[in-house]
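Asks: Got final.txt for you, compact mmCIF, C-alpha atoms:
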```txt
# COMPACT_ATOMS: atom_id res chain seq x y z
CA MET A 1 10.70 18.98 -21.98
CA ILE A 2 7.90 21.21 -20.70
CA GLN A 3 8.01 22.94 -17.34
CA THR A 4 4.93 24.67 -15.98
CA THR A 5 4.45 27.21 -13.22
CA GLU A 6 1.30 29.00 -12.20
CA ASN A 7 1.80 31.87 -14.65
CA GLU A 8 4.36 30.58 -17.14
CA ILE A 9 4.97 27.55 -19.36
CA THR A 10 8.53 26.75 -20.44
CA ILE A 11 9.26 24.50 -23.41
CA ASP A 12 12.77 23.29 -24.22
CA ALA A 13 12.95 23.34 -28.03
CA ALA A 14 16.38 21.68 -28.31
CA GLY A 15 16.18 18.99 -30.97
CA VAL A 16 12.41 19.41 -31.45
CA SER A 17 11.17 19.59 -35.04
CA PHE A 18 9.31 22.72 -36.07
CA ARG A 19 6.11 20.72 -36.56
CA ASP A 20 6.22 19.20 -33.07
CA LEU A 21 7.19 22.50 -31.48
CA ASN A 22 4.33 24.36 -33.12
CA THR A 23 1.91 21.59 -32.17
CA LYS A 24 2.93 21.93 -28.52
CA LEU A 25 2.69 25.69 -28.74
CA ARG A 26 -0.83 25.62 -30.19
CA GLU A 27 -1.97 23.08 -27.59
CA LYS A 28 -0.79 25.31 -24.74
CA VAL A 29 -2.41 28.39 -26.26
CA ALA A 30 -5.67 26.50 -26.77
CA CYS A 31 -5.58 25.57 -23.07
CA GLY A 32 -5.39 29.23 -22.10
CA ALA A 33 -1.67 29.79 -21.57
CA GLU A 34 -0.86 33.47 -21.09
CA LYS A 35 2.94 33.29 -21.27
CA ILE A 36 5.16 30.72 -22.94
CA VAL A 37 8.97 30.67 -22.91
CA LEU A 38 10.71 28.72 -25.65
CA LEU A 39 14.30 27.80 -24.79
CA ASN A 40 17.09 26.67 -27.11
CA VAL A 41 15.26 27.59 -30.28
CA CYS A 42 17.47 26.90 -33.30
CA GLY A 43 15.93 27.55 -36.69
CA GLN A 44 12.44 26.15 -36.09
CA ARG A 45 10.10 27.77 -38.61
CA TYR A 46 6.59 29.19 -38.37
CA ILE A 47 6.64 29.82 -34.62
CA GLY A 48 3.46 31.69 -33.71
CA THR A 49 1.90 31.22 -37.13
CA ASP A 50 -1.84 31.86 -37.23
CA LEU A 51 -2.21 32.25 -33.45
CA ASN A 52 -5.07 34.57 -32.53
CA SER A 53 -4.82 35.09 -28.77
CA PRO A 54 -2.92 37.73 -26.75
CA VAL A 55 -0.41 35.18 -25.45
CA ALA A 56 3.15 36.37 -24.73
CA ILE A 57 5.79 34.15 -26.33
CA ASN A 58 9.42 34.68 -25.33
CA ILE A 59 11.98 32.99 -27.54
CA VAL A 60 15.56 32.36 -26.42
CA GLY A 61 17.63 31.49 -29.45
CA THR A 62 17.20 32.00 -33.19
CA PRO A 63 13.79 31.26 -34.70
CA GLY A 64 13.58 30.23 -38.35
CA ASN A 65 11.69 31.72 -41.27
CA ASN A 66 8.17 33.13 -41.08
CA LEU A 67 8.11 33.86 -37.37
CA GLY A 68 4.64 35.08 -36.44
CA SER A 69 3.22 34.81 -39.94
CA PHE A 70 -0.53 35.39 -40.18
CA MET A 71 -0.71 35.86 -36.42
CA ASP A 72 -3.48 37.96 -34.92
CA GLY A 73 -2.70 39.13 -31.39
CA PRO A 74 0.31 37.51 -29.70
CA GLN A 75 3.40 39.37 -28.54
CA ILE A 76 6.54 37.51 -29.59
CA THR A 77 9.84 38.62 -28.09
CA VAL A 78 13.07 37.16 -29.47
CA TYR A 79 16.22 37.25 -27.34
CA GLY A 80 18.55 36.72 -30.27
CA ASN A 81 18.35 37.14 -34.03
CA ALA A 82 15.47 36.24 -36.32
CA GLN A 83 15.69 34.77 -39.80
CA ASP A 84 13.74 35.70 -42.95
CA GLY A 85 10.08 36.60 -43.22
CA SER A 86 9.29 37.62 -39.63
CA GLY A 87 5.74 38.99 -39.50
CA ASN A 88 4.79 37.66 -42.92
CA THR A 89 1.19 38.82 -43.49
CA MET A 90 0.65 39.35 -39.76
CA ASN A 91 -2.69 40.89 -38.89
CA ASP A 92 -2.17 42.10 -35.32
CA GLY A 93 0.18 41.75 -32.35
CA GLN A 94 3.86 42.53 -31.87
CA ILE A 95 7.21 41.02 -32.77
CA ILE A 96 10.19 42.38 -30.82
CA VAL A 97 13.66 41.23 -31.87
CA HIS A 98 16.62 41.85 -29.55
CA GLY A 99 19.11 41.47 -32.38
CA HIS A 100 19.07 41.38 -36.17
CA ALA A 101 16.32 40.20 -38.52
CA GLY A 102 16.72 38.72 -41.99
CA ASP A 103 15.26 39.43 -45.42
CA ILE A 104 11.63 40.38 -46.15
CA THR A 105 10.92 41.26 -42.54
CA GLY A 106 7.31 42.46 -42.40
CA LEU A 107 6.43 41.01 -45.80
CA ALA A 108 2.83 42.00 -46.65
CA ALA A 109 2.08 42.83 -43.00
CA ARG A 110 -1.41 44.26 -42.71
CA GLY A 111 -1.44 45.13 -39.01
CA GLY A 112 0.56 44.95 -35.80
CA ASN A 113 4.04 46.24 -34.97
CA ILE A 114 7.53 44.85 -35.53
CA PHE A 115 10.51 46.26 -33.63
CA VAL A 116 14.04 45.19 -34.56
CA ARG A 117 16.82 46.45 -32.33
CA ASP A 118 19.59 46.19 -34.93
CA ASP A 119 19.76 45.69 -38.71
CA VAL A 120 17.51 43.92 -41.20
CA GLY A 121 18.28 42.26 -44.52
CA TYR A 122 16.92 42.86 -48.01
CA ARG A 123 13.39 43.95 -48.92
CA ALA A 124 12.23 44.71 -45.38
CA GLY A 125 8.68 46.02 -45.36
CA ILE A 126 7.97 44.80 -48.88
CA HIS A 127 4.29 45.16 -49.76
CA MET A 128 3.17 46.28 -46.31
CA LYS A 129 -0.45 47.37 -46.55
CA GLU A 130 -3.24 48.89 -44.47
CA TYR A 131 -7.01 48.71 -44.40
CA GLU A 132 -9.42 50.82 -42.34
CA ASP A 133 -8.08 50.80 -38.76
CA LYS A 134 -5.30 48.29 -39.52
CA LYS A 135 -1.93 49.99 -40.02
CA PRO A 136 1.28 47.96 -39.62
CA ALA A 137 4.54 49.49 -38.40
CA LEU A 138 8.11 48.27 -38.82
CA VAL A 139 10.73 50.05 -36.69
CA ILE A 140 14.36 49.24 -37.45
CA GLY A 141 16.96 50.46 -34.98
CA GLY A 142 19.92 49.95 -37.27
CA THR A 143 19.98 50.03 -41.03
CA ALA A 144 18.70 47.91 -43.91
CA GLN A 145 19.88 46.36 -47.14
CA ASP A 146 18.52 47.20 -50.61
CA PHE A 147 14.86 47.55 -51.56
CA VAL A 148 13.64 48.46 -48.07
CA GLY A 149 10.00 49.53 -48.37
CA GLU A 150 9.64 48.03 -51.84
CA TYR A 151 6.08 48.11 -53.18
CA MET A 152 4.77 49.50 -49.88
CA ALA A 153 1.02 49.99 -50.06
CA GLY A 154 0.46 51.27 -46.52
CA GLY A 155 1.72 51.42 -42.98
CA VAL A 156 4.74 53.06 -41.38
CA LEU A 157 8.37 52.06 -41.82
CA ILE A 158 11.02 53.73 -39.63
CA LEU A 159 14.75 53.42 -40.22
CA LEU A 160 16.70 54.83 -37.27
CA GLY A 161 20.32 54.07 -38.15
CA LEU A 162 21.41 54.12 -34.53
CA ASN A 163 24.51 52.08 -35.31
CA LEU A 164 25.74 54.39 -38.07
CA LYS A 165 28.71 56.62 -37.43
CA GLN A 166 28.36 60.38 -37.66
CA GLY A 167 28.06 61.36 -41.31
CA GLU A 168 27.62 57.76 -42.48
CA HIS A 169 24.72 57.15 -44.86
CA HIS A 170 22.27 54.29 -44.72
CA ARG A 171 23.39 51.35 -46.84
CA ALA A 172 20.23 50.59 -48.77
CA ASN A 173 19.70 51.41 -52.43
CA TYR A 174 16.35 51.40 -54.26
CA ILE A 175 14.56 52.58 -51.11
CA GLY A 176 10.81 52.62 -51.67
CA THR A 177 10.96 51.25 -55.22
CA GLY A 178 7.39 50.78 -56.43
CA MET A 179 6.00 52.41 -53.28
CA HIS A 180 2.35 53.44 -53.68
CA GLY A 181 1.14 53.88 -50.09
CA GLY A 182 2.34 54.40 -46.54
CA ILE A 183 5.19 56.50 -45.16
CA ILE A 184 8.89 55.87 -44.58
CA TYR A 185 10.75 57.90 -41.93
CA ILE A 186 14.54 57.89 -42.04
CA ARG A 187 16.78 59.25 -39.33
CA GLY A 188 19.84 60.81 -40.90
CA THR A 189 20.46 61.24 -44.60
CA VAL A 190 20.41 59.29 -47.81
CA GLU A 191 21.58 60.30 -51.26
CA GLU A 192 19.08 60.81 -54.07
CA TYR A 193 20.54 57.90 -56.03
CA GLN A 194 19.60 55.56 -53.18
CA LEU A 195 15.88 56.26 -53.59
CA GLY A 196 13.38 54.60 -55.88
CA LYS A 197 11.98 56.83 -58.59
CA GLU A 198 8.50 56.42 -57.13
CA VAL A 199 9.16 58.25 -53.85
CA GLY A 200 9.25 61.90 -52.95
CA VAL A 201 11.12 63.51 -50.06
CA ALA A 202 9.56 65.95 -47.61
CA GLU A 203 10.15 67.54 -44.25
CA LEU A 204 8.15 66.20 -41.34
CA THR A 205 4.98 67.91 -40.24
CA GLU A 206 3.80 68.25 -36.66
CA ASP A 207 1.59 65.21 -37.15
CA ASP A 208 4.56 63.25 -38.52
CA TYR A 209 6.57 64.03 -35.40
CA ARG A 210 3.66 62.90 -33.23
CA VAL A 211 3.40 59.55 -35.04
CA LEU A 212 7.16 59.10 -35.12
CA GLY A 213 7.49 59.97 -31.45
CA GLU A 214 4.99 57.29 -30.45
CA TYR A 215 6.83 54.53 -32.29
CA VAL A 216 10.26 55.72 -31.18
CA GLY A 217 8.97 55.79 -27.61
CA ASP A 218 7.85 52.18 -27.93
CA TYR A 219 11.20 51.22 -29.44
CA ALA A 220 13.04 52.89 -26.55
CA ASP A 221 10.87 51.07 -24.02
CA HIS A 222 11.56 47.69 -25.62
CA PHE A 223 15.32 48.15 -25.89
CA ASP A 224 16.06 50.44 -22.95
CA CYS A 225 17.35 53.49 -24.78
CA ASP A 226 16.65 57.24 -24.76
CA ALA A 227 13.73 58.22 -26.97
CA LYS A 228 14.39 61.95 -26.54
CA GLN A 229 17.95 61.55 -27.73
CA ILE A 230 16.76 59.64 -30.79
CA MET A 231 14.13 62.24 -31.60
CA ASN A 232 16.66 65.03 -31.22
CA SER A 233 17.96 64.20 -34.69
CA SER A 234 17.14 65.11 -38.25
CA PHE A 235 14.60 62.95 -40.07
CA ILE A 236 13.29 62.86 -43.60
CA LYS A 237 9.97 61.54 -44.82
CA LEU A 238 9.54 59.49 -47.97
CA TYR A 239 6.10 59.35 -49.52
CA PRO A 240 4.67 57.74 -52.67
CA ARG A 241 4.48 60.10 -55.61
CA TYR A 242 2.04 57.92 -57.52
CA LEU A 243 -0.93 55.76 -56.60
CA ARG A 244 -0.20 53.21 -59.35
CA PRO A 245 3.43 53.66 -60.37
CA TYR A 246 3.41 50.75 -62.82
CA GLY A 247 -0.21 50.98 -63.94
CA ARG A 248 0.64 51.82 -67.54
CA LEU A 249 2.75 48.70 -67.87
CA TYR A 250 -0.31 46.51 -67.36
CA ALA A 251 -3.02 48.62 -68.99
CA TYR A 252 -4.25 47.81 -72.48
```
Can you dump the structure from the file as structure tokens?
Replies:
Amino acid sequence: MIQTTENEITIDAAGVSFRDLNTKLREKVACGAEKIVLLNVCGQRYIGTDLNSPVAINIVGTPGNNLGSFMDGPQITVYGNAQDGSGNTMNDGQIIVHGHAGDITGLAARGGNIFVRDDVGYRAGIHMKEYEDKKPALVIGGTAQDFVGEYMAGGVLILLGLNLKQGEHHRANYIGTGMHGGIIYIRGTVEEYQLGKEVGVAELTEDDYRVLGEYVGDYADHFDCDAKQIMNSSFIKLYPRYLRPYGRLYAY
């Protein structure tokens, strides 16, 4: 069922296959829709894939894998949780998740921003990259599972840990394993054994605080929280110690 008003199109996704739902979505975008609301979403995959217009897509429910993959401009807001692979190789735009997100969130993202209110699964931010003026950002309000930031080649990954108790460490091990570009900012503390051997730890510079403050401000706007309170905390910066950490393994 599709309902249309002057400024908004509403599609009821209940019982609609992911292929049919994405076909309807692309048709409406091609016709110039500026805002689309998808109701009763339940596991449909590839929503927003390869769209290249600034359309706003609001999702009520739980989208399936590869939400917004390869997209180049839309803003997707999820009122619920998201499954694996959100933002896979996205080029531009925003994904805003009012809940949790699954594994490999931000996989190979090369632009755009992803904001997750709560936790993410394993290997979030794996192989994020940047090129010229394209710099992806993944902001996680909660914590992450193992291998967050694995093989990062560029971009910004922020782990806020807002749901951790005082003195509680982040859960992830192997943070930044294979990292060879980009920056990871972590609010709170982690133990040395939790870090990949390829990352170094440093205090934030004035420029780091400026960059961090911008993303935290956006996070606070999306999820109605206090950016100043978040920033009034201790952060550490993880950076890649080597440009090609595994280069010798493949050189002859």
Asks: Leaving out A:Ile158 and any residue of its chain fewer than 2 positions from it, which residues lie within 10 Å of it when counting all atoms listed in the file, given as a PyMOL selection string?
Replies: chain A and resi 115+125+137-143+149+156+160-161+183-187+212+215-216+235+237
Asks: Which residues, written as a PyMOL selection string, have at least one atom at most 9 Å from A:Met71, with all atoms listed in the file counted and residues fewer than 6 positions away on the same chain left out?
Replies: chain A and resi 48-53+87-93
Asks: Expressed in Å to a single decimal, how great is the separation between atom CA of A:Gln145 and atom CA of A:Gly176?
Replies: 11.9 Å
Asks: Please provide the set of residues having any atom within 12 Å of A:Gly217, restricted to all atoms listed in the file, with same-chain residues fewer than 2 positions apart removed, written as a PyMOL selection string.
Replies: chain A and resi 115+139+209-215+219-231
Asks: Which is closest to A:Gly188 among A:Gln94, A:Asn173, A:Ser233, A:Thr205, if we use all atoms listed in the file?
Replies: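 Of all the options, A:Ser233 lies closest to A:Gly188.
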Asks: Please indicate the distance in Å from atom CA of A:Asp12 to atom CA of A:Ile95, rounded to one decimal place.
Replies: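 Spanning atom CA of A:Asp12 to atom CA of A:Ile95 is a straight-line distance of 20.5 Å.
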Asks: Name all residues at most 12 Å from A:Asp133 (count only C-alpha atoms; drop same-chain ones fewer than 6 positions away) and give them as a ChimeraX atom specification.
Replies: /A:91-92,110-112,154-155
Asks: Pick the closest to A:Lys134 from A:Ile114, A:Ala109, A:Leu67, A:Ala101: which is it, counting only C-alpha atoms?
Replies: A:Ala109
Asks: Fewer than 6 positions away in the same chain doesn't count, so skip those; otherwise give me all residues within 10 Å of A:Asp103, counting all atoms listed in the file, as a PyMOL selection string.
Replies: chain A and resi 65+82-86+120-126+144-146+148
Asks: Rounded to one decimal in Å, what is the spacing between atom CA of A:Gly32 and atom CA of A:Thr10?
Replies: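 It comes out at 14.2 Å.
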